[in-house]
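**Q** Got a structure for you, input.txt, holding compact mmCIF, C-alpha atoms.
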# COMPACT_ATOMS: atom_id res chain seq x y z
CA MET T 232 14.05 20.22 -10.45
CA VAL T 233 15.32 23.83 -10.66
CA ALA T 234 15.26 24.11 -6.86
CA ALA T 235 17.29 20.93 -6.58
CA MET T 236 19.88 22.22 -9.04
CA THR T 237 20.12 25.51 -7.14
CA ALA T 238 20.66 23.62 -3.90
CA ILE T 239 23.45 21.63 -5.55
CA ARG T 240 25.14 24.83 -6.72
CA ARG T 241 24.97 26.30 -3.22
CA LEU T 242 26.36 23.10 -1.77
CA SER T 243 29.19 23.09 -4.31
CA LEU T 244 30.08 26.67 -3.53
CA ASP T 245 30.06 25.90 0.18
CA ARG T 246 32.47 23.03 -0.45
CA VAL T 247 34.77 25.26 -2.50
CA GLN T 248 34.77 27.85 0.28
CA GLU T 249 35.56 25.16 2.85
CA THR T 250 38.43 23.95 0.69
CA ILE T 251 39.79 27.49 0.39
CA GLU T 252 39.60 27.92 4.16
CA ARG T 253 41.45 24.65 4.77
CA LEU T 254 44.07 25.59 2.20
CA LYS T 255 44.64 28.92 3.93
CA LEU T 256 45.11 27.16 7.28
CA ARG T 257 47.49 24.62 5.77
CA ILE T 258 49.62 27.33 4.17
CA SER T 259 49.60 29.46 7.33
CA GLU T 260 50.74 26.50 9.43
CA ARG T 261 53.56 25.50 7.10
CA PHE T 262 54.60 28.95 5.82
CA PRO T 263 53.43 31.45 8.46
CA GLY T 264 53.67 35.10 7.46
CA SER T 265 54.44 34.27 3.83
CA GLY T 266 53.04 36.08 0.83
CA LEU T 267 51.29 32.88 -0.21
CA ALA T 268 49.49 32.71 3.14
CA GLY T 269 48.33 36.31 2.73
CA LEU T 270 47.13 35.59 -0.79
CA ALA T 271 45.18 32.57 0.46
CA GLY T 272 43.45 34.89 2.92
CA ASP T 273 42.54 37.24 0.07
CA LEU T 274 41.14 34.29 -1.88
CA GLU T 275 39.05 33.27 1.12
CA VAL T 276 37.55 36.77 1.35
CA LEU T 277 36.90 36.81 -2.39
CA GLY T 278 35.25 33.38 -2.21
CA GLY T 279 32.85 34.72 0.40
CA THR T 280 31.63 37.40 -2.02
CA VAL T 281 31.15 35.12 -5.03
CA ALA T 282 27.78 33.77 -3.89
CA ARG T 283 26.34 37.26 -3.43
CA GLU T 284 27.79 38.58 -6.69
CA ALA T 285 26.69 35.54 -8.73
CA ALA T 286 23.15 35.74 -7.30
CA SER T 287 23.02 39.46 -8.02
CA ILE T 288 24.18 38.95 -11.61
CA SER T 289 21.59 36.22 -12.23
CA ARG T 290 18.68 38.37 -11.01
CA PRO T 291 16.76 40.61 -13.45
CA ILE T 292 17.77 44.26 -13.30
CA LEU T 293 14.64 45.95 -12.01
CA TRP T 294 15.22 49.45 -13.34
CA VAL T 295 15.80 48.14 -16.87
CA TRP T 296 12.46 46.35 -16.85
CA LEU T 297 10.77 49.44 -15.42
CA LEU T 298 12.10 51.31 -18.46
CA VAL T 299 10.69 48.56 -20.69
CA ALA T 300 7.28 48.85 -19.01
CA ALA T 301 7.27 52.67 -19.17
CA SER T 302 8.34 52.69 -22.82
CA THR T 303 5.71 50.09 -23.72
CA LEU T 304 3.03 52.14 -21.95
CA ILE T 305 4.01 55.40 -23.64
CA LEU T 306 4.33 54.00 -27.16
CA GLY T 307 1.22 51.85 -26.69
CA THR T 308 -0.72 54.98 -25.75
CA VAL T 309 0.59 56.76 -28.86
CA ILE T 310 -0.52 53.87 -31.06
CA ILE T 311 -3.99 53.87 -29.48
CA LEU T 312 -4.29 57.62 -30.07
CA LEU T 313 -3.28 57.21 -33.71
CA VAL T 314 -5.91 54.50 -34.21
CA SER T 315 -8.52 56.67 -32.48
CA GLN T 316 -7.78 59.61 -34.77
CA VAL T 317 -8.31 57.45 -37.80
CA GLN T 318 -11.66 56.25 -36.45
CA VAL T 319 -12.85 59.77 -35.51
CA GLN T 320 -12.27 61.12 -39.01
CA GLY T 321 -14.88 58.77 -40.44
CA THR T 322 -14.17 56.98 -43.69
CA PRO T 323 -10.62 57.95 -44.64
CA SER T 324 -9.21 58.08 -48.14
CA TRP T 325 -6.68 55.56 -49.34
CA THR T 326 -3.91 58.11 -48.85
CA GLU T 327 -4.99 58.80 -45.28
CA MET T 328 -5.27 55.09 -44.54
CA ALA T 329 -1.79 54.50 -45.91
CA GLN T 330 -0.40 57.34 -43.80
CA GLY T 331 -2.18 56.02 -40.71
CA VAL T 332 -0.95 52.47 -41.25
CA ASP T 333 2.57 53.77 -41.85
CA ALA T 334 2.50 55.80 -38.61
CA ILE T 335 1.17 52.87 -36.60
CA THR T 336 3.70 50.50 -38.17
CA SER T 337 6.52 52.92 -37.36
CA GLU T 338 5.41 53.16 -33.73
CA LEU T 339 5.14 49.38 -33.43
CA THR T 340 8.60 48.94 -34.96
CA LEU T 341 10.00 51.52 -32.58
CA LEU T 342 8.33 49.77 -29.65
CA VAL T 343 9.74 46.36 -30.57
CA ALA T 344 13.21 47.80 -31.23
CA LEU T 345 13.18 49.62 -27.90
CA ILE T 346 12.16 46.49 -25.98
CA ILE T 347 14.89 44.46 -27.71
CA PHE T 348 17.47 47.17 -26.99
CA LEU T 349 16.56 47.45 -23.32
CA ALA T 350 16.51 43.66 -22.89
CA SER T 351 19.95 43.40 -24.51
CA TRP T 352 21.10 46.29 -22.32
CA GLN T 353 20.43 44.13 -19.27
CA THR T 354 22.52 41.35 -20.79
CA ARG T 355 25.38 43.74 -21.50
CA ILE T 356 25.31 45.04 -17.92
CA ARG T 357 25.43 41.49 -16.56
CA ARG T 358 28.21 40.58 -18.97
CA ARG T 359 30.33 43.54 -17.88
CA ARG T 360 29.91 42.54 -14.24
CA VAL T 361 30.98 38.94 -14.96
CA VAL T 362 33.98 40.08 -17.00
CA ALA T 363 35.02 42.49 -14.22
CA ALA T 364 34.75 39.73 -11.61
CA VAL T 365 36.73 37.30 -13.78
CA ARG T 366 39.35 40.01 -14.35
CA GLY T 367 39.89 40.16 -10.59
CA LEU T 368 40.36 36.39 -10.49
CA ARG T 369 42.81 36.58 -13.40
CA GLU T 370 44.86 39.11 -11.46
CA LEU T 371 44.91 36.76 -8.49
CA ALA T 372 46.10 33.91 -10.72
CA HIS T 373 48.96 36.04 -12.02
CA ILE T 374 49.97 36.91 -8.45
CA VAL T 375 50.12 33.17 -7.67
CA ASP T 376 52.38 32.77 -10.69
CA MET T 377 54.62 35.59 -9.50
CA LEU T 378 55.00 33.94 -6.08
CA GLN T 379 56.12 30.64 -7.57
CA LEU T 380 58.21 32.21 -10.32
CA THR T 381 61.50 32.19 -8.38
CA LYS T 382 60.89 28.80 -6.73
CA ASP T 383 63.44 26.99 -8.87
CA PRO T 384 63.79 23.22 -8.31
CA GLY T 385 66.93 23.24 -10.43
CA GLY T 386 68.78 25.17 -7.76
CA ILE T 387 67.99 22.54 -5.15
CA ALA T 388 68.96 19.76 -7.55
CA GLY T 389 72.32 21.44 -8.01
CA VAL T 390 72.02 21.99 -11.77
CA THR T 391 72.01 25.77 -11.92
CA LEU T 392 74.85 28.27 -11.90
CA PRO T 393 76.04 29.75 -8.59
CA GLY T 394 73.83 32.56 -7.32
CA THR T 395 74.63 36.23 -7.78
CA SER T 396 74.12 39.15 -5.44
CA HIS T 397 70.68 39.70 -7.00
CA SER T 398 69.58 36.07 -7.13
CA PRO T 399 66.43 35.22 -5.14
CA ARG T 400 66.94 33.63 -1.74
CA ARG T 401 66.40 29.87 -1.81
CA GLU T 402 65.75 28.85 1.77
CA LEU T 403 63.19 26.08 1.23
CA THR T 404 64.09 22.43 1.53
CA PRO T 405 63.04 20.13 -1.33
CA HIS T 406 60.06 18.92 0.70
CA GLU T 407 59.01 22.49 1.57
CA LEU T 408 59.41 23.60 -2.03
CA ALA T 409 57.23 20.74 -3.24
CA ARG T 410 54.52 21.69 -0.75
CA TYR T 411 54.77 25.37 -1.69
CA LEU T 412 54.37 24.59 -5.39
CA ASP T 413 51.53 22.17 -4.65
CA TYR T 414 49.71 24.88 -2.69
CA CYS T 415 50.11 27.24 -5.66
CA ALA T 416 48.59 24.66 -8.01
CA GLU T 417 45.67 24.08 -5.63
CA MET T 418 45.05 27.81 -5.38
CA LEU T 419 44.96 28.16 -9.16
CA SER T 420 42.44 25.34 -9.40
CA LEU T 421 40.20 26.98 -6.78
CA ILE T 422 40.38 30.32 -8.61
CA ALA T 423 39.04 28.64 -11.74
CA LYS T 424 36.29 26.92 -9.71
CA LEU T 425 35.11 30.25 -8.29
CA ALA T 426 34.83 31.73 -11.77
CA GLN T 427 32.38 28.99 -12.83
CA PHE T 428 29.76 30.23 -10.37
CA TYR T 429 29.46 33.54 -12.22
CA VAL T 430 28.06 31.81 -15.31
CA ALA T 431 26.19 28.99 -13.56
CA ALA T 432 22.89 30.90 -13.87
CA PHE T 433 23.88 33.31 -16.66
CA ASP T 434 24.05 31.66 -20.06
CA ASP T 435 25.94 34.23 -22.11
CA PRO T 436 28.56 33.23 -24.71
CA GLU T 437 30.92 36.16 -24.06
CA ALA T 438 30.77 35.76 -20.28
CA THR T 439 31.35 32.01 -20.64
CA GLU T 440 34.30 32.72 -22.94
CA ALA T 441 35.86 34.98 -20.28
CA VAL T 442 35.56 32.17 -17.73
CA THR T 443 36.97 29.64 -20.22
CA ASP T 444 39.95 31.91 -20.90
CA LEU T 445 40.60 32.07 -17.15
CA GLU T 446 40.47 28.27 -16.93
CA ASP T 447 42.97 28.03 -19.80
CA LEU T 448 45.23 30.47 -17.98
CA THR T 449 45.13 28.59 -14.67
CA ASP T 450 45.62 25.25 -16.46
CA GLY T 451 48.70 26.61 -18.22
CA LEU T 452 50.16 28.02 -15.02
CA SER T 453 49.43 24.78 -13.16
CA ARG T 454 51.26 22.76 -15.82
CA LYS T 455 54.37 24.89 -15.30
CA ILE T 456 54.15 24.32 -11.55
CA TRP T 457 53.72 20.58 -11.90
CA GLN T 458 56.74 20.42 -14.19
CA LYS T 459 58.78 21.85 -11.29
CA ILE T 460 57.26 19.35 -8.88
CA MET T 461 58.10 16.49 -11.25
CA ILE T 462 61.73 17.67 -11.40
CA LEU T 463 61.91 17.43 -7.62
CA HIS T 464 60.42 13.92 -7.60
CA GLN T 465 62.63 12.74 -10.46
CA GLU T 466 65.66 13.80 -8.45
CA GLY T 467 64.41 11.57 -5.62
CA ARG T 468 64.80 14.40 -3.15
CA VAL T 469 61.15 14.56 -2.10
CA ALA T 470 59.30 11.87 -0.17
CA ARG T 471 55.56 11.57 -0.46
CA PRO T 472 54.45 14.81 1.24
CA GLY T 473 51.71 15.37 3.78
CA ALA T 474 49.44 18.39 4.01
Once you've parsed the file, please lay out its structure as structure tokens.
**A**
Amino acid sequence: MVAAMTAIRRLSLDRVQETIERLKLRISERFPGSGLAGLAGDLEVLGGTVAREAASISRPILWVWLLVAASTLILGTVIILLVSQVQVQGTPSWTEMAQGVDAITSELTLLVALIIFLASWQTRIRRRRVVAAVRGLRELAHIVDMLQLTKDPGGIAGVTLPGTSHSPRRELTPHELARYLDYCAEMLSLIAKLAQFYVAAFDDPEATEAVTDLEDLTDGLSRKIWQKIMILHQEGRVARPGA
């Protein structure tokens, strides 16, 4: 069952990577040399690293568990020596027994606390790696937003004020603008999809929250983009577009 689920995840990631590659080709064909085409290429490269990074994050950190084993061995040896000393001394007094039990209890408590700390240390390391990866995806999402920021459908509809010397150049036709905005929305969706693979095999609340925050961000940005697309369609200036 686990193997089947892993195969499904790999297949899903492959499909996402294929979609990113097709999106890059579509953008390059329609807007060659544009910043959006370059960003799609960056997303394709990033998508190729997600599988390796996600697999690495999901694997146990070997050196942490070596520390756990070494610490268990050392403290276990100390506990055995303490018990041996009590046995060698013959019949101990109540005070000596209490001191021996207290020493052994302290060592056991230290051992358990150390194991818990080291195990949680591994989780914190994994969490930092997920958050760092998601931070990179967030940056990419903001770059997408910057690229579509000046793509104003109001200017094409003729409802804005005349441009100034510092106004952005508006060279896209309504159809081209609709495709450009649609590509931006698709890219945001794919960014959110890539983030999901980081927590697919790492069930950590804080890491999952970071991914959820990214999804909320991309959803919000996509809604702004689709509002622009709807303005274009409401004006009746855009026919049903192709790729």
**Q** Rank T:Thr404, T:Thr340, T:Ser453, T:Thr381 by their smallest atom-to-atom distance to Glu417 of chain T, using all atoms listed in the file, and report the top residue only.
**A**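 Among T:Thr404, T:Thr340, T:Ser453, T:Thr381, it is T:Ser453 that comes nearest to Glu417 of chain T.
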**Q** Using only C-alpha atoms, pick whichever of T:Val247, T:Ala300, T:Ile456, T:Ile462 has the shortest atom-to-atom distance to Leu345 of chain T.
**A** T:Ala300
**Q** Quick check, in Å to one decimal: how far apart do atom CA of Ala268 of chain T and atom CA of Leu256 of chain T lie?
**A**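 Distance between the two atoms: 8.2 Å.
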**Q** Kindly indicate which residue among T:Ser287, T:Thr308, T:Leu445, T:Ile460 lies nearest to Glu407 of chain T, using only C-alpha atoms for the distances.
**A**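 Ranked by minimum distance to Glu407 of chain T, first place goes to T:Ile460.
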**Q** Could you tell me how far atom CA of Arg410 of chain T lies from atom CA of Gln427 of chain T, in Å and to one decimal?
**A**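 Taking atom CA of Arg410 of chain T and atom CA of Gln427 of chain T, their separation equals 26.3 Å.
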**Q** Please, what distance in Å, to one decimal, runs between atom CA of Tyr414 of chain T and atom CA of Ala364 of chain T?
**A**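 Value for the atom CA of Tyr414 of chain T-atom CA of Ala364 of chain T distance: 22.9 Å.
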**Q** Within 12 Å of Ile258 of chain T, counting only C-alpha atoms, which residues show up once you throw out same-chain ones fewer than 5 positions away? Write them as a tab-separated table (two decimals) with C-alpha atoms, in the coordinates of the input, please.
**A**
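Result saved to around.tsv:
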chain	number	residue	atom	x	y	z
T	251	ILE	CA	39.79	27.49	0.39
T	252	GLU	CA	39.60	27.92	4.16
T	253	ARG	CA	41.45	24.65	4.77
T	263	PRO	CA	53.43	31.45	8.46
T	264	GLY	CA	53.67	35.10	7.46
T	265	SER	CA	54.44	34.27	3.83
T	266	GLY	CA	53.04	36.08	0.83
T	267	LEU	CA	51.29	32.88	-0.21
T	268	ALA	CA	49.49	32.71	3.14
T	269	GLY	CA	48.33	36.31	2.73
T	270	LEU	CA	47.13	35.59	-0.79
T	271	ALA	CA	45.18	32.57	0.46
T	272	GLY	CA	43.45	34.89	2.92
T	407	GLU	CA	59.01	22.49	1.57
T	410	ARG	CA	54.52	21.69	-0.75
T	411	TYR	CA	54.77	25.37	-1.69
T	412	LEU	CA	54.37	24.59	-5.39
T	413	ASP	CA	51.53	22.17	-4.65
T	414	TYR	CA	49.71	24.88	-2.69
T	415	CYS	CA	50.11	27.24	-5.66
T	417	GLU	CA	45.67	24.08	-5.63
T	418	MET	CA	45.05	27.81	-5.38
T	474	ALA	CA	49.44	18.39	4.01
